[in-house]
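Colleague: My questions all concern the structure below.
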Amino acid sequence: MAADSQHKTAVITGAAGGIGLALARLLAAQGHALVLADIDAGALEAARASLAALATHGAPVIAIPTDVSDAAQIERLCEESFARLGRVDLLVNNAGILATGRCWELAPDVFDRVLRVNLWSVIHALRCFVPRMAAQGAGHIVNVASMAGLAVGPWLAPYTLSKQSVVALTEGLALELQAAGMPIGVSVVCPGPVATGIATDLDGTAPQDVTRMNEALRTGIAAGMTPEAVARRILDGVAAREFWILPHELAAQAAVARAQGIAAGTAPAFAL
């Protein structure tokens, strides 16, 4: 059954934890009807139950287990979201995974998995949600990228490739929506370290240089900005119709430094 028209509605992928769950909590408290998507069905149901207690004014909270790497499951997520909520005002493409290693040693299926979750899920979601949002006459799409979408570091090739592609895709999307006169807002989020579990399962048997980087990633991420702080920054950015949402000043600085290096013709240089 569709939600009452008084409710704003949001669909969030990767909603069982981290930034996705933090966003869902804020939106539930604001009275949004929610569709939560995640591959972890158990964690997703726990999130749904906890959020239902926060929901205000009878706004529904719906959980749809979804493997975002599967185009058919993204299509089902879209169809069920519109069928059960009536409309989608906000789509947050947040699901993501991380893999590390020397780019020439990583198996092709590592690249494939990261790209399917981090990039192709966004492509599939745009194909499904944009036409429906255009038909309803409004909406906003948030694609969660990373500081890695603006800068490049070693041993992160699959992740960096996916996130830089998400940034470029979102820039192209914004231009094309403007050219078509479609009333859909777009934002891309490029956070630095956020205290989530994304680095929990990194390979502990990797070569020494990669292992050191994995340990540094875990430490830096654990000490990073809270998901709640990032979620608040995202919603503030959406409310202000910002395209670039950069919760960390470090991301902006890295983007400037890289652009200056490109303009100066400076080759990448590794530094300890």
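Each chain of the structure tokens is named A, B, ... in the order shown, its residues numbered from 1; ligands are numbered from 1 in display order.
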Would you pick out the contacts of segment 160-168 of chain A at 9 Å or less, using only C-alpha atoms, so that residues sharing its chain but fewer than 5 positions from it are not included, and give the list as a list in words?
Modeller: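 These residues fall inside the cut-off: Phe111, Val114, Leu115, Arg116, Val117, Asn118, Leu119, Trp120, Val122, Ile123, Asn143, Val144, Ala145, Ser146, Met147, Ala148, Gly149, Leu150, Ala151, Val152, Gly153, Leu173, Val188, Val189 and Cys190 of chain A.
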Colleague: Distance table requested - segment 43-125 of chain A against segment 20-28 of chain A, cut-off 7 Å, only C-alpha atoms: one row per qualifying residue with the closest atom pair and its distance in Å to one decimal, ordered by chain and rising residue number, as a tab-separated table.
Modeller:
residue	atom	partner	partner_atom	distance
A:Leu51	CA	A:Arg25	CA	6.3
A:Leu54	CA	A:Ala28	CA	6.0
A:Ala55	CA	A:Ala28	CA	4.9
A:Thr56	CA	A:Ala28	CA	6.9
A:Asn94	CA	A:Gly20	CA	6.3
Colleague: Any chance you can output those residues with C-alpha atoms as a PDB file, in the first residue's frame?
Modeller:
ATOM      1  CA  LEU A  51      13.887   2.628  12.882  1.00  0.00           C
ATOM      2  CA  LEU A  54      11.678   6.273  15.541  1.00  0.00           C
ATOM      3  CA  ALA A  55       9.181   6.770  12.727  1.00  0.00           C
ATOM      4  CA  THR A  56       6.808   9.656  13.246  1.00  0.00           C
ATOM      5  CA  ASN A  94      25.287   4.523  -0.604  1.00  0.00           C
TER       6      ASN A  94
END
Colleague: Check the smallest atom-to-atom distance from each of A:Ala29, A:Leu177, A:Ser69, A:Ala252 to Ala138 of chain A using only C-alpha atoms, then report the winner.
Modeller: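 Of all the options, A:Leu177 lies closest to Ala138 of chain A.
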Colleague: Within 9 Å of Leu126 of chain A, counting only C-alpha atoms, which residues qualify if same-chain residues fewer than 5 places away don't, as a CSV table (one decimal) with C-alpha atoms, in the first residue's frame?
Modeller:
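The file below, around08.csv, is the result:
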chain,number,residue,atom,x,y,z
A,121,SER,CA,24.7,-0.4,-8.8
A,131,PRO,CA,12.5,8.1,-15.4
A,141,ILE,CA,19.6,11.7,-6.1
A,173,LEU,CA,24.0,13.0,-14.8
Colleague: Taking only C-alpha atoms into account, which of A:Ala206, A:Pro227, A:Ile245, A:Leu34 comes nearest Ala52 of chain A?
Modeller: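 The answer is A:Leu34, which sits nearest to Ala52 of chain A.
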Colleague: For Ala63 of chain A, find every residue with an atom within 9 Å (counting only C-alpha atoms), except residues of its own chain fewer than 5 positions away, and show them as a ChimeraX atom specification.
Modeller: /A:34-38,41,44-45,47-48
Colleague: Using atom CA of Ser187 of chain A and atom CA of Ile262 of chain A as the two end points, give the distance in Å to one decimal.
Modeller: 24.6 Å
Colleague: Any chance you could list, as a ChimeraX atom specification, the residues in segment 6-231 of chain A that come up strand (DSSP E or B) when DSSP is run on the backbone?
Modeller: /A:9-13,33-38,61-65,90-93,101,140-144,156,185-189,194,225
Colleague: Go ahead and write the residues just picked, N, CA and C atoms, as a compact mmCIF listing (two decimals), in the first residue's frame.
Modeller:
# COMPACT_ATOMS: atom_id res chain seq x y z
N THR A 9 9.57 10.72 1.11
CA THR A 9 10.01 9.33 1.02
C THR A 9 11.47 9.26 0.61
N ALA A 10 12.15 8.21 1.07
CA ALA A 10 13.56 8.03 0.74
C ALA A 10 13.87 6.55 0.58
N VAL A 11 14.75 6.25 -0.37
CA VAL A 11 15.28 4.91 -0.59
C VAL A 11 16.78 4.98 -0.35
N ILE A 12 17.30 4.10 0.49
CA ILE A 12 18.71 4.13 0.87
C ILE A 12 19.31 2.74 0.67
N THR A 13 20.38 2.65 -0.10
CA THR A 13 21.09 1.38 -0.20
C THR A 13 22.23 1.36 0.82
N ALA A 33 9.01 8.49 5.12
CA ALA A 33 8.78 7.08 4.84
C ALA A 33 10.05 6.53 4.19
N LEU A 34 10.45 5.32 4.57
CA LEU A 34 11.74 4.80 4.16
C LEU A 34 11.65 3.42 3.51
N VAL A 35 12.48 3.22 2.49
CA VAL A 35 12.80 1.89 2.01
C VAL A 35 14.28 1.68 2.25
N LEU A 36 14.60 0.65 3.00
CA LEU A 36 15.98 0.32 3.35
C LEU A 36 16.42 -0.89 2.54
N ALA A 37 17.57 -0.79 1.91
CA ALA A 37 18.09 -1.89 1.11
C ALA A 37 19.49 -2.25 1.57
N ASP A 38 19.77 -3.54 1.68
CA ASP A 38 21.10 -4.01 2.06
C ASP A 38 21.18 -5.49 1.73
N VAL A 61 8.38 2.13 7.44
CA VAL A 61 9.79 1.78 7.26
C VAL A 61 9.82 0.37 6.68
N ILE A 62 10.29 0.25 5.47
CA ILE A 62 10.24 -1.01 4.72
C ILE A 62 11.66 -1.50 4.46
N ALA A 63 11.88 -2.77 4.66
CA ALA A 63 13.19 -3.37 4.39
C ALA A 63 13.08 -4.30 3.18
N ILE A 64 13.97 -4.12 2.22
CA ILE A 64 14.00 -4.97 1.03
C ILE A 64 15.43 -5.48 0.85
N PRO A 65 15.72 -6.72 1.26
CA PRO A 65 17.07 -7.25 1.05
C PRO A 65 17.45 -7.16 -0.43
N LEU A 90 13.75 11.02 -2.43
CA LEU A 90 15.20 11.00 -2.23
C LEU A 90 15.72 9.58 -2.45
N LEU A 91 16.69 9.44 -3.33
CA LEU A 91 17.39 8.18 -3.55
C LEU A 91 18.84 8.38 -3.13
N VAL A 92 19.32 7.53 -2.22
CA VAL A 92 20.71 7.60 -1.78
C VAL A 92 21.42 6.31 -2.17
N ASN A 93 22.27 6.41 -3.17
CA ASN A 93 23.09 5.27 -3.60
C ASN A 93 24.34 5.25 -2.72
N GLY A 101 45.25 -3.82 -2.68
CA GLY A 101 46.28 -4.70 -3.21
C GLY A 101 47.03 -4.04 -4.35
N HIS A 140 15.42 13.93 -5.73
CA HIS A 140 16.84 14.25 -5.52
C HIS A 140 17.60 12.93 -5.41
N ILE A 141 18.74 12.87 -6.09
CA ILE A 141 19.58 11.68 -6.08
C ILE A 141 20.92 12.03 -5.44
N VAL A 142 21.32 11.23 -4.47
CA VAL A 142 22.61 11.39 -3.81
C VAL A 142 23.46 10.15 -4.10
N ASN A 143 24.60 10.36 -4.72
CA ASN A 143 25.55 9.27 -4.94
C ASN A 143 26.72 9.45 -3.98
N VAL A 144 26.93 8.45 -3.14
CA VAL A 144 28.01 8.52 -2.16
C VAL A 144 29.28 7.97 -2.80
N LEU A 156 44.89 0.96 -3.87
CA LEU A 156 43.44 1.13 -3.77
C LEU A 156 42.77 1.16 -5.14
N GLY A 185 17.17 16.97 -8.55
CA GLY A 185 18.42 17.45 -7.98
C GLY A 185 19.42 16.31 -7.87
N VAL A 186 20.71 16.68 -7.87
CA VAL A 186 21.78 15.68 -7.82
C VAL A 186 22.87 16.17 -6.88
N SER A 187 23.39 15.25 -6.08
CA SER A 187 24.54 15.54 -5.21
C SER A 187 25.50 14.36 -5.26
N VAL A 188 26.79 14.65 -5.14
CA VAL A 188 27.79 13.60 -4.97
C VAL A 188 28.53 13.89 -3.67
N VAL A 189 28.69 12.86 -2.84
CA VAL A 189 29.31 12.99 -1.53
C VAL A 189 30.71 12.38 -1.58
N VAL A 194 35.57 7.81 7.59
CA VAL A 194 34.32 7.74 8.36
C VAL A 194 34.35 6.44 9.14
N MET A 225 35.41 10.60 11.07
CA MET A 225 34.16 11.28 11.38
C MET A 225 33.07 10.25 11.64
Colleague: Can you list, as a VMD selection string, every residue of segment 27-146 of chain A that DSSP puts in helix (DSSP H, G or I)?
Modeller: chain A and resid 27 to 29 41 to 52 71 to 85 108 to 136
Colleague: Check the smallest atom-to-atom distance from each of A:Glu105, A:Asp203, A:Glu171, A:Glu249 to Ala157 of chain A using only C-alpha atoms, then report the winner.
Modeller: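 Closest residue, counting only C-alpha atoms: A:Glu105.
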Colleague: So, counting only C-alpha atoms, which residue among A:Leu77, A:Ala99, A:Val230, A:Ala179 is closest to Thr211 of chain A?
Modeller: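 Closest to Thr211 of chain A of all the choices is A:Ala99.
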Colleague: What does the distance from atom CA of Asn214 of chain A to atom CA of Leu202 of chain A come to in Å, to one decimal?
Modeller: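 Rounded to one decimal, the two atoms are 6.6 Å apart.
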Colleague: Which residue, A:Pro247, A:Pro154, A:Gly31, A:Gly265, has the smallest gap to Cys103 of chain A when you use only C-alpha atoms?
Modeller: A:Pro154
